[in-house]
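Dumped upload15.txt below, it's compact mmCIF, C-alpha atoms and all ligand atoms:
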# COMPACT_ATOMS: atom_id res chain seq x y z
CA MET O 234 66.35 113.90 49.11
CA ALA O 235 65.65 111.03 51.43
CA THR O 236 67.04 111.40 54.91
CA ILE O 237 66.50 107.96 56.33
CA GLN O 238 69.17 106.81 58.75
CA TRP O 239 69.19 103.03 58.50
CA PHE O 240 69.53 100.97 61.65
CA PRO O 241 69.03 97.20 61.88
CA GLY O 242 65.52 97.74 63.25
CA HIS O 243 64.53 99.81 60.21
CA MET O 244 66.05 97.26 57.90
CA SER O 245 64.12 94.35 59.32
CA LYS O 246 60.91 96.39 59.25
CA ALA O 247 61.52 97.38 55.62
CA ARG O 248 62.27 93.80 54.72
CA ARG O 249 59.16 92.53 56.51
CA LYS O 250 56.96 95.09 54.76
CA VAL O 251 58.18 94.04 51.34
CA GLN O 252 57.84 90.36 52.19
CA GLU O 253 54.29 90.79 53.52
CA ASN O 254 53.22 92.20 50.18
CA LEU O 255 55.17 89.75 48.05
CA LYS O 256 52.41 87.18 48.21
CA PHE O 257 49.97 89.57 46.55
CA VAL O 258 52.08 90.29 43.49
CA ASP O 259 53.00 88.28 40.41
CA PHE O 260 56.36 89.93 40.03
CA VAL O 261 58.45 92.64 41.63
CA THR O 262 59.64 95.73 39.81
CA VAL O 263 63.11 96.48 41.14
CA LEU O 264 64.39 99.98 40.50
CA VAL O 265 68.07 100.79 40.31
CA ASP O 266 69.85 103.89 39.09
CA ALA O 267 71.15 103.33 35.54
CA ARG O 268 74.35 105.17 36.54
CA LEU O 269 74.85 102.55 39.28
CA PRO O 270 73.24 99.27 38.19
CA LEU O 271 75.05 97.35 40.94
CA SER O 272 75.82 99.92 43.61
CA SER O 273 72.22 101.12 43.88
CA GLN O 274 70.85 97.67 44.63
CA ASN O 275 69.78 96.63 48.06
CA PRO O 276 72.44 94.20 49.33
CA MET O 277 69.87 91.64 50.47
CA LEU O 278 67.58 91.82 47.48
CA THR O 279 67.87 88.19 46.43
CA LYS O 280 67.20 86.98 49.95
CA ILE O 281 64.25 89.30 50.35
CA ILE O 282 62.38 88.52 47.13
CA GLY O 283 63.38 84.87 46.85
CA ASP O 284 62.25 83.30 43.59
CA LYS O 285 59.55 85.86 42.79
CA PRO O 286 59.88 86.92 39.13
CA LYS O 287 61.72 90.22 38.84
CA LEU O 288 61.68 93.05 36.35
CA LEU O 289 64.83 95.13 36.75
CA ILE O 290 64.42 98.76 35.79
CA LEU O 291 67.54 100.84 35.14
CA ASN O 292 65.95 104.20 35.89
CA LYS O 293 67.35 107.67 35.13
CA ALA O 294 68.74 106.27 31.90
CA ASP O 295 68.70 109.83 30.55
CA LEU O 296 71.56 110.63 32.96
CA ALA O 297 73.59 107.46 32.27
CA ASP O 298 76.20 106.75 29.62
CA SER O 299 74.15 105.06 26.90
CA THR O 300 77.01 102.76 25.83
CA SER O 301 77.39 101.49 29.40
CA THR O 302 73.63 101.07 29.71
CA LYS O 303 73.61 98.85 26.61
CA GLU O 304 76.44 96.78 28.10
CA TRP O 305 74.62 96.43 31.41
CA LEU O 306 71.38 95.38 29.70
CA ALA O 307 73.29 92.73 27.75
CA TYR O 308 74.96 91.63 30.98
CA PHE O 309 71.65 91.23 32.82
CA GLN O 310 70.14 89.45 29.83
CA SER O 311 73.06 87.01 29.87
CA LYS O 312 72.14 86.24 33.50
CA GLY O 313 68.53 85.57 32.52
CA ILE O 314 67.32 88.77 34.17
CA HIS O 315 64.58 90.77 32.47
CA ALA O 316 65.91 94.31 32.48
CA LEU O 317 65.11 97.55 30.74
CA ALA O 318 66.35 101.11 30.90
CA VAL O 319 63.90 103.97 31.27
CA ASN O 320 63.55 107.63 32.07
CA SER O 321 60.63 107.77 34.48
CA LYS O 322 59.91 111.32 33.49
CA ASP O 323 59.27 110.22 29.93
CA GLN O 324 55.76 109.68 28.61
CA SER O 325 56.58 106.39 26.86
CA THR O 326 57.77 104.68 30.05
CA ALA O 327 54.41 103.18 31.07
CA GLN O 328 54.06 101.45 27.74
CA LYS O 329 57.63 100.12 27.82
CA ILE O 330 57.17 98.69 31.31
CA THR O 331 53.85 97.06 30.47
CA ALA O 332 55.39 95.43 27.40
CA ALA O 333 58.36 94.17 29.45
CA ALA O 334 56.03 92.86 32.15
CA LYS O 335 54.04 90.92 29.55
CA LYS O 336 57.26 89.35 28.31
CA LEU O 337 58.32 88.45 31.84
CA MET O 338 54.94 86.91 32.63
CA ALA O 339 54.31 85.35 29.18
CA ALA O 340 54.41 81.73 30.35
CA LYS O 341 52.09 82.35 33.30
CA LEU O 342 49.66 84.35 31.18
CA ALA O 343 49.59 81.60 28.53
CA LYS O 344 48.81 79.02 31.21
CA GLN O 345 45.98 81.15 32.54
CA ARG O 346 44.53 81.48 29.06
CA GLU O 347 44.70 77.70 28.59
CA ARG O 348 42.65 77.35 31.72
CA GLY O 349 40.09 79.72 30.22
CA LEU O 350 40.94 82.66 32.44
CA GLU O 351 40.29 85.74 30.38
CA LYS O 352 41.35 88.25 33.03
CA THR O 353 45.07 88.54 32.93
CA ILE O 354 45.92 91.41 35.23
CA MET O 355 49.56 91.39 36.27
CA ARG O 356 50.21 92.65 39.76
CA THR O 357 53.47 94.18 40.84
CA MET O 358 55.11 96.32 43.50
CA ILE O 359 57.96 98.75 43.02
CA ILE O 360 60.96 98.37 45.30
CA GLY O 361 64.33 100.05 45.57
CA ILE O 362 66.63 102.20 47.69
CA PRO O 363 65.64 105.83 48.46
CA ASN O 364 65.90 108.43 45.71
CA VAL O 365 66.11 105.94 42.88
CA GLY O 366 62.87 107.26 41.39
CA LYS O 367 60.14 105.03 42.83
CA SER O 368 57.62 107.84 43.37
CA THR O 369 58.37 109.38 40.00
CA LEU O 370 57.82 106.07 38.26
CA MET O 371 54.69 105.39 40.24
CA ASN O 372 53.30 108.78 39.28
CA ARG O 373 54.16 108.07 35.68
CA LEU O 374 52.37 104.72 35.82
CA ALA O 375 49.48 105.82 38.02
CA GLY O 376 46.03 105.56 36.65
CA LYS O 377 42.88 105.20 38.68
CA LYS O 378 43.01 103.74 42.17
CA VAL O 379 41.18 100.52 42.83
CA GLY O 380 40.62 98.98 46.27
CA THR O 381 41.46 95.40 45.50
CA VAL O 382 42.33 93.58 42.34
CA GLY O 383 40.54 90.42 41.26
CA ASN O 384 39.74 88.09 44.08
CA LYS O 385 42.93 88.52 46.04
CA PRO O 386 42.21 89.65 49.57
CA GLY O 387 43.48 92.95 50.90
CA VAL O 388 47.12 93.82 50.89
CA THR O 389 48.60 95.58 53.93
CA LYS O 390 45.94 97.79 55.46
CA GLY O 391 45.63 101.19 53.86
CA GLU O 392 47.40 100.20 50.68
CA GLN O 393 45.64 100.16 47.36
CA TRP O 394 46.24 99.10 43.82
CA LEU O 395 46.80 101.50 41.00
CA ARG O 396 45.49 100.40 37.63
CA THR O 397 47.85 102.03 35.25
CA HIS O 398 46.92 99.98 32.24
CA LYS O 399 44.20 97.43 31.80
CA ASP O 400 46.72 94.63 32.21
CA LEU O 401 48.91 96.04 35.00
CA ALA O 402 48.15 96.80 38.65
CA ILE O 403 50.68 98.34 40.99
CA LEU O 404 50.69 98.50 44.75
CA ASP O 405 50.43 102.19 45.59
CA THR O 406 53.13 102.06 48.28
CA PRO O 407 56.64 101.30 47.07
CA GLY O 408 58.98 99.12 49.09
CA ILE O 409 61.86 101.23 50.37
CA LEU O 410 65.02 99.25 51.04
CA TRP O 411 68.37 100.32 52.39
CA PRO O 412 71.40 100.96 50.19
CA LYS O 413 74.75 99.23 50.37
CA PHE O 414 77.15 100.53 52.95
CA GLU O 415 79.78 97.84 52.97
CA ASP O 416 82.55 99.56 51.09
CA ARG O 417 83.71 103.12 50.71
CA THR O 418 83.78 103.18 46.90
CA THR O 419 80.13 102.16 46.74
CA ALA O 420 79.27 104.85 49.30
CA LEU O 421 81.20 107.47 47.28
CA LYS O 422 79.35 106.47 44.12
CA LEU O 423 76.01 106.69 45.89
CA ALA O 424 76.94 110.06 47.35
CA LEU O 425 78.09 111.50 44.03
CA THR O 426 74.75 110.71 42.38
CA GLY O 427 72.79 111.97 45.41
CA ALA O 428 71.47 108.57 46.45
CA ILE O 429 72.58 109.01 50.06
CA LYS O 430 72.61 111.95 52.40
CA ASP O 431 75.37 114.52 51.86
CA SER O 432 76.24 114.49 55.54
CA LEU O 433 77.29 110.80 55.42
CA LEU O 434 80.56 111.50 53.60
CA PRO O 435 82.83 114.54 53.45
CA LEU O 436 82.14 116.57 50.31
CA ASP O 437 85.85 116.85 49.55
CA ASP O 438 86.16 113.05 49.41
CA VAL O 439 83.15 112.82 47.11
CA THR O 440 84.58 115.54 44.87
CA VAL O 441 88.04 113.94 44.69
CA PHE O 442 86.40 110.63 43.83
CA GLY O 443 84.29 112.32 41.14
CA ILE O 444 87.21 114.23 39.63
CA ASN O 445 89.31 111.05 39.50
CA TYR O 446 86.47 109.05 37.96
CA PHE O 447 85.84 111.62 35.25
CA LYS O 448 89.60 111.98 34.69
CA THR O 449 89.84 108.25 34.08
CA TYR O 450 86.67 107.55 32.12
CA TYR O 451 85.31 110.86 30.85
CA PRO O 452 88.26 113.30 30.53
CA ASP O 453 86.62 115.04 27.56
CA ARG O 454 83.69 116.05 29.77
CA LEU O 455 86.02 117.74 32.26
CA LEU O 456 87.85 119.52 29.45
CA ALA O 457 84.58 120.69 27.94
CA ARG O 458 83.32 122.09 31.24
CA PHE O 459 86.49 123.60 32.69
CA LYS O 460 88.84 125.68 30.59
CA ASN O 461 92.64 125.51 31.01
CA LEU O 462 92.49 122.18 32.72
CA ASP O 463 95.65 120.15 33.06
CA LEU O 464 94.63 116.49 33.10
CA GLU O 465 98.10 115.49 34.24
CA THR O 466 97.69 117.06 37.67
CA GLU O 467 96.47 115.09 40.67
CA ALA O 468 92.87 115.65 41.80
CA PRO O 469 93.64 117.88 44.84
CA GLU O 470 95.84 120.19 42.79
CA MET O 471 93.28 120.24 40.01
CA ILE O 472 90.62 121.25 42.55
CA MET O 473 92.84 124.07 43.83
CA ASP O 474 93.38 125.35 40.26
CA LEU O 475 89.71 125.13 39.34
CA THR O 476 88.59 126.84 42.53
CA GLN O 477 90.97 129.71 41.71
CA GLN O 478 89.94 129.86 38.06
CA LEU O 479 86.29 130.07 38.98
CA GLY O 480 87.03 133.03 41.24
CA PHE O 481 86.08 131.19 44.42
CA ARG O 482 89.43 132.13 46.05
CA GLU O 483 89.99 129.67 48.92
CA ASP O 484 86.34 128.66 49.15
CA TYR O 485 86.77 124.98 48.30
CA ASP O 486 83.38 124.05 49.73
CA ARG O 487 81.85 126.23 47.06
CA PHE O 488 83.70 124.28 44.38
CA TYR O 489 82.70 120.92 45.89
CA GLU O 490 79.06 121.93 45.94
CA LEU O 491 79.16 123.22 42.38
CA PHE O 492 80.93 120.13 41.06
CA ILE O 493 78.67 117.65 42.85
CA ARG O 494 75.51 119.53 41.86
CA GLU O 495 76.55 119.63 38.22
CA VAL O 496 77.48 115.95 38.15
CA ARG O 497 74.13 115.01 39.70
CA LYS O 498 72.14 117.11 37.26
CA GLY O 499 74.08 115.73 34.28
CA LYS O 500 75.65 119.09 33.46
CA LEU O 501 78.99 117.37 32.82
CA GLY O 502 77.22 114.98 30.47
CA THR O 503 75.94 111.46 30.90
CA TYR O 504 78.03 108.98 32.89
CA THR O 505 77.92 105.57 34.54
CA LEU O 506 79.85 104.83 37.72
CA ASP O 507 79.56 101.02 37.78
CA ARG O 508 81.51 99.15 35.17
CA ILE O 509 81.16 95.65 33.84
CA GLY O 510 83.78 93.44 35.46
CA GLU O 511 83.34 95.06 38.87
CA GLU O 512 80.37 92.92 39.82
CA VAL O 513 81.42 91.09 42.94
CA ASP O 514 78.41 90.15 44.99
CA GLY O 515 75.93 87.40 44.50
CA ASN O 516 72.89 89.55 43.78
CA TYR O 517 73.07 89.37 40.01
P1 LIG O 601 62.16 107.73 45.46
O1 LIG O 601 60.67 107.74 45.45
O2 LIG O 601 62.74 106.42 45.01
O3 LIG O 601 62.77 108.18 46.75
O4 LIG O 601 62.65 108.80 44.35
P2 LIG O 601 61.86 110.00 43.67
O5 LIG O 601 60.79 109.49 42.76
O6 LIG O 601 61.48 110.99 44.71
O7 LIG O 601 63.01 110.63 42.74
C1 LIG O 601 64.20 111.16 43.28
C2 LIG O 601 64.76 112.19 42.31
O8 LIG O 601 65.10 111.56 41.08
C3 LIG O 601 63.78 113.32 41.94
O9 LIG O 601 64.56 114.48 41.72
C4 LIG O 601 63.21 112.85 40.61
O10 LIG O 601 62.71 113.90 39.83
C5 LIG O 601 64.44 112.23 39.99
N1 LIG O 601 64.13 111.21 38.96
C6 LIG O 601 63.35 110.11 39.11
N2 LIG O 601 63.34 109.37 37.98
C7 LIG O 601 64.13 110.04 37.08
C8 LIG O 601 64.55 109.77 35.73
O11 LIG O 601 64.22 108.75 35.12
N3 LIG O 601 65.40 110.70 35.18
C9 LIG O 601 65.82 111.81 35.85
N4 LIG O 601 66.64 112.64 35.23
N5 LIG O 601 65.46 112.07 37.12
C10 LIG O 601 64.63 111.20 37.72
P3 LIG O 601 64.64 115.66 42.73
O12 LIG O 601 65.89 116.39 42.46
O13 LIG O 601 64.39 115.17 44.11
O14 LIG O 601 63.44 116.52 42.33
P4 LIG O 601 63.18 117.26 40.94
O15 LIG O 601 64.49 117.40 40.23
O16 LIG O 601 62.21 116.41 40.19
O17 LIG O 601 62.60 118.55 41.40
As structure tokens:
Amino acid sequence: MATIQWFPGHMSKARRKVQENLKFVDFVTVLVDARLPLSSQNPMLTKIIGDKPKLLILNKADLADSTSTKEWLAYFQSKGIHALAVNSKDQSTAQKITAAAKKLMAAKLAKQRERGLEKTIMRTMIIGIPNVGKSTLMNRLAGKKVGTVGNKPGVTKGEQWLRTHKDLAILDTPGILWPKFEDRTTALKLALTGAIKDSLLPLDDVTVFGINYFKTYYPDRLLARFKNLDLETEAPEMIMDLTQQLGFREDYDRFYELFIREVRKGKLGTYTLDRIGEEVDGNY
């Protein structure tokens, strides 16, 4: 679990680091959490990457509601954004990403071929907020390390390229950007999935938010997990009942921890916390 406390100084350093490396890549691979396709974006993403081509990866798709994921992919496609959903822990992910990268870069690759350039290595860097799965994806994609790729001079000192596939090279250091903080609902969503530190928000608030969300959108999941549940009761009363039923007596913290842990691990089933129609900012 990442424990970065973001201050303006860290943000500008993070932004600068990404921007320094942008000139060495053909496209950026932006990771978001498939359960939060909007809320897990960096709020300044568009400003930071400018018009660099972008491959949007909805990671942790194994934990997300597959119907919502399909809707989100269609939404991004309608905006002209190349997006795909993956589970970074899955073996087939490298192949899927390479195929999507080829599609994204098709025009540029065709131009290079016209000019007689046989070598068509695509270079990318992975960026995203903490805990979204950047290291996991990088490990999944990692092949042998190579110092530099083609004739492009060195990237930031100490960084190297990973050649995962003969056509794809990835900067071995991902760009870590800060999450959104601007509104409480976004923060609660991030907290419920474990994208931000637990100490940033009270666990009871996160639990009440989670119970209400599942009550509204996934009531069957609550009923399947907790016996004798009355969906008509308000979240605080429901929490009191469940804490009792589980034999935790008055130990509500124990219930909060259990509920949040189970939601994060997908034990209540797959779910998506961002819904189409809620998109408000200019990022996508
Ligand atoms: P980061 O570099 O962006 O900070 O994220 P990192 O790869 O460390 O991943 C954060 C957590 O998310 C890890 O879990 C990792 O296993 C999990 N994860 C990454 N990609 C996927 C995915 O596609 N599906 C699922 N289900 N999980 C994913 P952790 O709890 O920190 O560790 P562990 O559970 O692997 O022990």
Within 9 Å of range 471-487 of chain O, counting all atoms listed in the file, which residues show up once you throw out same-chain ones fewer than 6 positions away? Write them as a compact mmCIF listing (two decimals) with C-alpha atoms, in the frame of the given file, please.
# COMPACT_ATOMS: atom_id res chain seq x y z
CA LEU O 436 82.14 116.57 50.31
CA ASP O 437 85.85 116.85 49.55
CA THR O 440 84.58 115.54 44.87
CA VAL O 441 88.04 113.94 44.69
CA ILE O 444 87.21 114.23 39.63
CA PHE O 459 86.49 123.60 32.69
CA LYS O 460 88.84 125.68 30.59
CA ASN O 461 92.64 125.51 31.01
CA LEU O 462 92.49 122.18 32.72
CA ASP O 463 95.65 120.15 33.06
CA LEU O 464 94.63 116.49 33.10
CA GLU O 465 98.10 115.49 34.24
Please identify every residue of chain O that has at least one atom no farther than 8 Å from an atom of ligand LIG 601 (chain O), counting all atoms listed in the file, and for each give the shortest atom pair and the distance in Å to one decimal, arranged by chain then increasing number, as a tab-separated table.
residue	atom	partner	partner_atom	distance
O:Met234	CA	O:LIG601	O13	5.5
O:Ala235	CA	O:LIG601	O3	6.2
O:Asn292	CA	O:LIG601	O11	4.9
O:Lys293	CA	O:LIG601	O11	3.3
O:Ala294	CA	O:LIG601	O11	6.1
O:Asp295	CA	O:LIG601	N3	5.8
O:Leu296	CA	O:LIG601	N4	5.8
O:Val319	CA	O:LIG601	O11	6.1
O:Asn320	CA	O:LIG601	O11	3.3
O:Ser321	CA	O:LIG601	O11	3.8
O:Lys322	CA	O:LIG601	O11	5.3
O:Asp323	CA	O:LIG601	O11	7.3
O:Gly361	CA	O:LIG601	O2	6.6
O:Ile362	CA	O:LIG601	O2	6.3
O:Pro363	CA	O:LIG601	O3	4.1
O:Asn364	CA	O:LIG601	O3	3.3
O:Val365	CA	O:LIG601	O2	4.0
O:Gly366	CA	O:LIG601	O5	3.3
O:Lys367	CA	O:LIG601	O2	3.7
O:Ser368	CA	O:LIG601	O5	3.6
O:Thr369	CA	O:LIG601	O5	3.7
O:Leu370	CA	O:LIG601	O5	6.4
O:Met371	CA	O:LIG601	O5	7.8
O:Pro407	CA	O:LIG601	O1	7.8
O:Ile409	CA	O:LIG601	O2	7.5
O:Lys498	CA	O:LIG601	N4	7.4
Legend entry - Atom-to-atom span, CA of Pro452 in chain O and CA of Glu470 in chain O, Å: 16.0 Å
Legend entry - Nearest to Arg508 in chain O by atom-to-atom distance, counting only C-alpha atoms, from O:Arg268, O:Lys448, O:Arg454, O:Lys329: O:Arg268
Legend entry - Separation of CA of Pro286 in chain O from CA of Phe260 in chain O in Å: 4.7 Å
Legend entry - Which of O:Ile403, O:Leu491, O:Ala333, O:Met244 sits closest to Asn275 in chain O [using all atoms listed in the file]: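 That would be O:Met244, the residue with the smallest distance to Asn275 in chain O.
With distances restricted to all atoms listed in the file, O:Val258 is the closest residue to Leu401 in chain O from O:Ile281, O:Val258, O:Leu264, O:Leu506.
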Inset, instruction - Work out how far CA of Ala316 in chain O is from CA of Leu410 in chain O, in Å to one decimal. - result: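 Distance between the two atoms: 19.2 Å.
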